[in-house]
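What follows is coords.cif (mmCIF, C-alpha atoms).
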```
data_entry
loop_
_atom_site.label_atom_id
_atom_site.label_comp_id
_atom_site.auth_asym_id
_atom_site.auth_seq_id
_atom_site.Cartn_x
_atom_site.Cartn_y
_atom_site.Cartn_z
CA MET A 1461 343.46 44.04 67.58
CA SER A 1462 346.94 45.46 68.18
CA THR A 1463 350.08 43.45 67.52
CA PRO A 1464 352.03 42.61 70.71
CA LEU A 1465 355.32 44.44 71.10
CA PRO A 1466 358.52 42.41 70.75
CA PRO A 1467 359.42 41.17 74.26
CA HIS A 1468 362.61 43.22 74.64
CA ALA A 1469 361.30 46.43 73.10
CA GLY A 1470 361.45 49.39 75.48
CA GLN A 1471 363.78 47.74 77.99
CA PRO A 1472 366.43 50.03 79.47
CA VAL A 1473 369.96 50.41 78.16
CA VAL A 1474 372.47 51.17 80.92
CA THR A 1475 375.51 53.24 79.94
CA ARG A 1476 378.94 53.71 81.47
CA GLY A 1477 382.11 55.48 80.45
CA THR A 1478 382.36 58.45 78.16
CA ALA A 1479 379.56 59.94 76.08
CA LEU A 1480 379.15 58.60 72.55
CA VAL A 1481 380.17 61.93 71.02
CA ASP A 1482 383.55 61.69 72.76
CA ALA A 1483 384.13 57.94 72.41
CA ARG A 1484 387.08 56.43 70.58
CA ALA A 1485 385.54 52.98 70.97
CA VAL A 1486 382.08 51.70 71.89
CA VAL A 1487 381.54 48.39 73.67
CA ILE A 1488 378.08 46.79 73.56
CA LEU A 1489 377.81 44.32 76.44
CA VAL A 1490 375.08 41.64 76.39
CA HIS A 1491 374.27 39.88 79.67
CA GLY A 1492 373.39 36.24 80.16
CA ARG A 1493 370.30 34.48 81.45
CA GLY A 1494 369.48 35.66 84.95
CA GLY A 1495 371.90 38.55 84.60
CA SER A 1496 371.43 42.26 84.12
CA PRO A 1497 373.14 45.23 82.48
CA GLN A 1498 374.81 45.95 85.81
CA SER A 1499 376.22 42.43 86.08
CA ILE A 1500 377.83 42.49 82.62
CA LEU A 1501 379.05 46.05 83.12
CA ALA A 1502 381.18 44.71 85.98
CA LEU A 1503 383.57 43.64 83.21
CA ALA A 1504 384.16 47.24 82.09
CA PRO A 1505 386.91 48.13 84.61
CA GLN A 1506 388.72 44.90 83.72
CA ILE A 1507 388.70 45.27 79.95
CA ALA A 1508 389.75 48.92 79.69
CA PRO A 1509 391.11 50.07 83.05
CA ALA A 1510 393.43 52.71 81.60
CA LEU A 1511 391.12 54.21 78.99
CA ALA A 1512 388.80 57.16 79.54
CA ASP A 1513 387.43 57.39 76.00
CA VAL A 1514 385.38 54.18 75.83
CA ALA A 1515 381.57 54.16 75.94
CA TYR A 1516 379.74 51.11 77.25
CA LEU A 1517 376.15 50.23 76.35
CA ALA A 1518 374.39 47.33 78.08
CA PRO A 1519 370.81 46.49 77.09
CA ALA A 1520 368.42 44.66 79.41
CA ALA A 1521 366.46 41.56 78.51
CA SER A 1522 362.84 41.35 79.57
CA GLY A 1523 362.63 39.08 82.61
CA GLU A 1524 366.44 38.73 82.63
CA SER A 1525 366.35 36.24 79.75
CA TRP A 1526 366.71 36.84 76.02
CA TYR A 1527 364.99 33.57 75.07
CA PRO A 1528 363.45 30.74 77.12
CA MET A 1529 365.10 27.51 76.00
CA SER A 1530 368.62 26.24 75.23
CA PHE A 1531 370.37 28.06 72.41
CA MET A 1532 370.40 24.72 70.59
CA ALA A 1533 366.63 24.18 70.82
CA PRO A 1534 364.47 24.44 67.67
CA MET A 1535 364.38 28.10 66.69
CA ALA A 1536 360.60 28.41 66.98
CA GLN A 1537 360.81 27.52 70.68
CA ASN A 1538 362.98 30.58 71.32
CA GLU A 1539 360.98 33.08 69.32
CA PRO A 1540 360.14 35.92 69.42
CA GLY A 1541 362.94 36.31 71.97
CA ILE A 1542 365.87 35.75 69.62
CA THR A 1543 364.58 38.04 66.89
CA SER A 1544 363.69 40.72 69.42
CA GLY A 1545 367.08 40.49 71.14
CA VAL A 1546 368.97 40.67 67.85
CA SER A 1547 366.88 43.72 66.93
CA VAL A 1548 367.89 45.42 70.18
CA ILE A 1549 371.57 44.91 69.39
CA HIS A 1550 371.18 46.06 65.80
CA ALA A 1551 369.31 49.16 66.97
CA LEU A 1552 372.16 50.02 69.35
CA ILE A 1553 374.67 49.64 66.52
CA HIS A 1554 372.54 51.99 64.42
CA ASP A 1555 372.45 54.54 67.27
CA VAL A 1556 376.23 54.39 67.59
CA GLU A 1557 376.67 54.87 63.85
CA ALA A 1558 374.26 57.81 63.96
CA ALA A 1559 376.59 59.40 66.52
CA GLY A 1560 379.34 59.30 63.90
CA ILE A 1561 381.18 56.20 65.12
CA PRO A 1562 381.97 53.62 62.41
CA ASP A 1563 381.49 49.87 62.76
CA GLU A 1564 385.23 49.26 63.06
CA ARG A 1565 385.17 51.06 66.42
CA ILE A 1566 382.26 49.01 67.77
CA ILE A 1567 382.99 45.91 69.85
CA LEU A 1568 380.27 43.38 70.70
CA ILE A 1569 380.80 41.39 73.90
CA GLY A 1570 378.47 38.81 75.42
CA PHE A 1571 378.52 36.17 78.12
CA SER A 1572 376.61 32.89 78.01
CA GLN A 1573 373.14 33.49 76.58
CA GLY A 1574 374.26 37.03 75.77
CA ALA A 1575 377.30 35.66 73.92
CA CYS A 1576 375.06 33.42 71.83
CA LEU A 1577 372.84 36.39 71.03
CA ALA A 1578 375.72 38.79 70.29
CA SER A 1579 377.45 36.36 67.92
CA THR A 1580 374.17 35.65 66.15
CA ALA A 1581 373.44 39.38 65.86
CA ALA A 1582 376.86 39.86 64.25
CA LEU A 1583 376.22 36.92 61.92
CA ARG A 1584 372.96 38.50 60.76
CA ARG A 1585 374.72 41.82 60.11
CA PRO A 1586 378.27 40.96 59.01
CA ARG A 1587 380.60 43.97 58.83
CA ARG A 1588 384.13 44.97 59.75
CA TYR A 1589 383.55 45.51 63.46
CA GLY A 1590 386.15 46.48 65.99
CA GLY A 1591 385.65 43.03 67.45
CA VAL A 1592 383.22 40.35 68.56
CA ILE A 1593 383.94 38.66 71.90
CA VAL A 1594 382.03 35.47 72.74
CA PHE A 1595 382.48 34.38 76.37
CA SER A 1596 381.04 30.88 76.92
CA GLY A 1597 378.71 31.03 73.93
CA ALA A 1598 378.28 30.09 70.27
CA LEU A 1599 375.98 30.63 67.31
CA ILE A 1600 372.30 29.93 67.96
CA GLY A 1601 370.51 27.05 66.29
CA PRO A 1602 369.67 23.36 66.67
CA PRO A 1603 372.10 20.63 65.59
CA GLY A 1604 372.57 20.69 61.84
CA THR A 1605 371.79 24.40 61.47
CA GLN A 1606 372.95 25.87 58.17
CA TRP A 1607 373.82 29.45 59.09
CA ARG A 1608 373.90 32.22 56.54
CA ALA A 1609 377.13 32.36 54.59
CA ASP A 1610 376.64 35.61 52.66
CA GLY A 1611 378.33 38.78 53.85
CA ASP A 1612 381.88 39.42 54.98
CA PHE A 1613 383.41 40.19 58.37
CA ALA A 1614 386.41 41.58 56.46
CA GLY A 1615 388.99 40.65 59.06
CA THR A 1616 386.97 41.48 62.19
CA PRO A 1617 388.76 40.07 65.25
CA ILE A 1618 386.39 37.43 66.66
CA PHE A 1619 387.16 35.61 69.91
CA LEU A 1620 385.35 32.54 71.21
CA GLY A 1621 386.36 31.17 74.61
CA CYS A 1622 384.69 28.33 76.49
CA SER A 1623 385.35 25.42 78.82
CA ASP A 1624 385.66 21.86 77.59
CA ILE A 1625 383.16 20.84 80.30
CA ASP A 1626 380.68 23.72 80.08
CA ALA A 1627 377.27 22.32 81.00
CA HIS A 1628 375.44 24.80 78.76
CA ILE A 1629 377.72 25.28 75.73
CA PRO A 1630 379.20 22.20 74.01
CA ALA A 1631 382.80 22.73 72.97
CA ALA A 1632 382.01 21.14 69.61
CA ARG A 1633 379.46 23.90 68.87
CA VAL A 1634 382.01 26.56 69.82
CA ARG A 1635 384.50 25.09 67.34
CA GLU A 1636 381.77 24.76 64.69
CA SER A 1637 380.81 28.41 65.17
CA ALA A 1638 384.42 29.53 65.02
CA ALA A 1639 384.93 27.69 61.73
CA HIS A 1640 381.81 29.24 60.20
CA LEU A 1641 382.73 32.78 61.28
CA GLU A 1642 386.20 32.28 59.87
CA ARG A 1643 384.74 31.19 56.54
CA MET A 1644 382.86 34.49 56.53
CA GLY A 1645 386.07 36.47 56.79
CA GLY A 1646 386.51 36.79 60.54
CA ALA A 1647 389.98 36.76 62.07
CA VAL A 1648 388.94 34.11 64.57
CA THR A 1649 390.62 33.07 67.81
CA CYS A 1650 389.04 30.03 69.49
CA ARG A 1651 390.25 28.85 72.89
CA ILE A 1652 388.83 25.86 74.75
CA TYR A 1653 389.91 25.83 78.40
CA GLU A 1654 390.30 22.58 80.29
CA GLY A 1655 388.05 22.23 83.35
CA MET A 1656 387.03 25.89 83.57
CA GLY A 1657 383.27 25.56 83.88
CA HIS A 1658 380.83 28.32 82.91
CA ALA A 1659 382.89 31.43 83.58
CA VAL A 1660 385.23 34.07 82.18
CA ASN A 1661 388.93 33.66 82.94
CA ASP A 1662 391.95 35.96 83.08
CA ASP A 1663 393.24 34.90 79.66
CA GLU A 1664 389.94 35.91 78.04
CA ILE A 1665 389.97 39.25 79.84
CA ALA A 1666 393.56 39.89 78.74
CA PHE A 1667 392.68 39.19 75.09
CA THR A 1668 389.69 41.50 75.31
CA ARG A 1669 391.64 44.27 77.04
CA GLU A 1670 394.28 44.26 74.31
CA LEU A 1671 391.58 44.38 71.62
CA VAL A 1672 389.66 47.26 73.21
CA GLU A 1673 392.87 49.23 73.71
CA ARG A 1674 393.89 48.66 70.10
CA VAL A 1675 390.52 49.85 68.78
CA ALA A 1676 390.37 52.86 71.09
CA ARG A 1677 393.88 53.97 70.16
CA GLY A 1678 393.25 53.57 66.45
#
```
Could the structure of this file be written out as structure tokens, please?
Amino acid sequence: MSTPLPPHAGQPVVTRGTALVDARAVVILVHGRGGSPQSILALAPQIAPALADVAYLAPAASGESWYPMSFMAPMAQNEPGITSGVSVIHALIHDVEAAGIPDERIILIGFSQGACLASTAALRRPRRYGGVIVFSGALIGPPGTQWRADGDFAGTPIFLGCSDIDAHIPAARVRESAAHLERMGGAVTCRIYEGMGHAVNDDEIAFTRELVERVARG
């Protein structure tokens, strides 16, 4: 009897911007629950409007969801979705590296469920990335999770932004995640916005734009 394929294996990856061989920076964008590569790629013109040498890669989740339950549910309830989704992100990083682009020119960006997955993928493969941007998300795991502490982000700029009243992402978990990523060597910026809701605001976009421009310009 054959083993079932991981749920997100073989899903499309939508690309925008320049080709990898010509890219000065590569942005991997991870959509949220109910979203799509096209929906998260709508951020591309906002985060690098003046740059022509950025490549964007946006993978698709099977059924528009990376995992079925809350990101704070017991891990087993969200498998194999989490492991499969992390594998998709790691495979994209490998493809980018194979094109001759180092980790420090790769930026991971996610929103909501995609932000939780992107930050967890980075945690499971700590390196000096160009950046990790977590819009309305945090590290995956139930209350009391002891995340891995080995490895070193070596000064990777890591941004976590979220509302103080987000119905899906508790601000306390965002702060907890920020503290853990900082302990692992990340240069962490954590901003909790009063009354924002579950969204991305102009301040977050401005931070991300500056980061992408800095990475692309070396």
Please identify every residue of stretch 1506-1556 of chain A that has at least one atom no farther than 9 Å from an atom of stretch 1572-1579 of chain A, counting only C-alpha atoms, and for each give the shortest atom pair and the distance in Å to one decimal, arranged by chain then increasing number, as a tab-separated table.
```
residue	atom	partner	partner_atom	distance
A:Ser1525	CA	A:Gln1573	CA	8.0
A:Trp1526	CA	A:Gln1573	CA	7.3
A:Tyr1527	CA	A:Gln1573	CA	8.3
A:Ser1530	CA	A:Gln1573	CA	8.6
A:Phe1531	CA	A:Cys1576	CA	7.1
A:Ile1542	CA	A:Leu1577	CA	7.1
A:Gly1545	CA	A:Leu1577	CA	7.1
A:Val1546	CA	A:Leu1577	CA	6.6
A:Ile1549	CA	A:Ala1578	CA	7.4
```
If we count only C-alpha atoms and set the cut-off at 12 Å, which residues sit around A:Gly1604, ignoring sequence neighbours fewer than 3 positions away in its own chain? Please answer as a list of chain:residue names. A:Met1532, A:Ala1533, A:Pro1534, A:Leu1599, A:Ile1600, A:Gly1601, A:Trp1607, A:Arg1633, A:Glu1636, A:Ser1637
Name the residues that the PyMOL selection byres ((chain A and resi 1593) around 7) pulls out of this structure, and write them as a ChimeraX atom specification. /A:1568-1570,1591-1592,1594-1595,1618-1620
Using all atoms listed in the file: which of A:Arg1677, A:Leu1480, A:Asp1610, A:Glu1539 has the shortest distance to A:Ala1558: A:Leu1480
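Restricting the calculation to only C-alpha atoms, the smallest distance between A:Val1486 and any of A:Pro1466, A:Ala1676, A:Gly1541, A:Ile1625 is found for A:Ala1676.
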Have stretch 1517-1536 of chain A completed to N, CA and C atoms, please, and pass it along as an mmCIF file, in the coordinates of the input.
```cif
data_model
loop_
_atom_site.group_PDB
_atom_site.id
_atom_site.type_symbol
_atom_site.label_atom_id
_atom_site.label_comp_id
_atom_site.auth_asym_id
_atom_site.auth_seq_id
_atom_site.Cartn_x
_atom_site.Cartn_y
_atom_site.Cartn_z
ATOM 1 N N LEU A 1517 377.606 50.305 76.451
ATOM 2 C CA LEU A 1517 376.150 50.230 76.350
ATOM 3 C C LEU A 1517 375.732 48.811 76.687
ATOM 4 N N ALA A 1518 374.827 48.659 77.647
ATOM 5 C CA ALA A 1518 374.390 47.330 78.080
ATOM 6 C C ALA A 1518 372.869 47.263 78.104
ATOM 7 N N PRO A 1519 372.267 46.607 77.113
ATOM 8 C CA PRO A 1519 370.810 46.490 77.090
ATOM 9 C C PRO A 1519 370.301 45.445 78.079
ATOM 10 N N ALA A 1520 369.060 45.606 78.487
ATOM 11 C CA ALA A 1520 368.420 44.660 79.410
ATOM 12 C C ALA A 1520 367.440 43.773 78.673
ATOM 13 N N ALA A 1521 367.455 42.498 79.029
ATOM 14 C CA ALA A 1521 366.460 41.560 78.510
ATOM 15 C C ALA A 1521 365.220 41.594 79.397
ATOM 16 N N SER A 1522 364.075 41.453 78.799
ATOM 17 C CA SER A 1522 362.840 41.350 79.570
ATOM 18 C C SER A 1522 362.884 40.085 80.426
ATOM 19 N N GLY A 1523 362.621 40.236 81.722
ATOM 20 C CA GLY A 1523 362.630 39.080 82.610
ATOM 21 C C GLY A 1523 363.983 38.443 82.778
ATOM 22 N N GLU A 1524 365.054 39.184 82.480
ATOM 23 C CA GLU A 1524 366.440 38.730 82.630
ATOM 24 C C GLU A 1524 366.789 37.542 81.752
ATOM 25 N N SER A 1525 366.058 37.338 80.669
ATOM 26 C CA SER A 1525 366.350 36.240 79.750
ATOM 27 C C SER A 1525 366.003 36.662 78.335
ATOM 28 N N TRP A 1526 366.943 36.444 77.403
ATOM 29 C CA TRP A 1526 366.710 36.840 76.020
ATOM 30 C C TRP A 1526 365.802 35.862 75.290
ATOM 31 N N TYR A 1527 365.854 34.595 75.666
ATOM 32 C CA TYR A 1527 364.990 33.570 75.070
ATOM 33 C C TYR A 1527 364.854 32.441 76.084
ATOM 34 N N PRO A 1528 363.784 31.632 76.013
ATOM 35 C CA PRO A 1528 363.450 30.740 77.120
ATOM 36 C C PRO A 1528 364.188 29.413 77.178
ATOM 37 N N MET A 1529 364.573 28.859 76.042
ATOM 38 C CA MET A 1529 365.100 27.510 76.000
ATOM 39 C C MET A 1529 366.624 27.525 75.756
ATOM 40 N N SER A 1530 367.216 26.348 75.617
ATOM 41 C CA SER A 1530 368.620 26.240 75.230
ATOM 42 C C SER A 1530 368.851 26.915 73.894
ATOM 43 N N PHE A 1531 370.060 27.429 73.694
ATOM 44 C CA PHE A 1531 370.370 28.060 72.410
ATOM 45 C C PHE A 1531 370.421 27.054 71.270
ATOM 46 N N MET A 1532 370.397 25.758 71.602
ATOM 47 C CA MET A 1532 370.400 24.720 70.590
ATOM 48 C C MET A 1532 369.024 24.069 70.412
ATOM 49 N N ALA A 1533 367.998 24.659 71.017
ATOM 50 C CA ALA A 1533 366.630 24.180 70.820
ATOM 51 C C ALA A 1533 366.127 24.602 69.443
ATOM 52 N N PRO A 1534 365.064 23.968 68.932
ATOM 53 C CA PRO A 1534 364.470 24.440 67.670
ATOM 54 C C PRO A 1534 364.182 25.936 67.746
ATOM 55 N N MET A 1535 364.466 26.648 66.683
ATOM 56 C CA MET A 1535 364.380 28.100 66.690
ATOM 57 C C MET A 1535 363.007 28.601 67.129
ATOM 58 N N ALA A 1536 361.952 27.934 66.670
ATOM 59 C CA ALA A 1536 360.600 28.410 66.980
ATOM 60 C C ALA A 1536 360.342 28.438 68.487
#
```
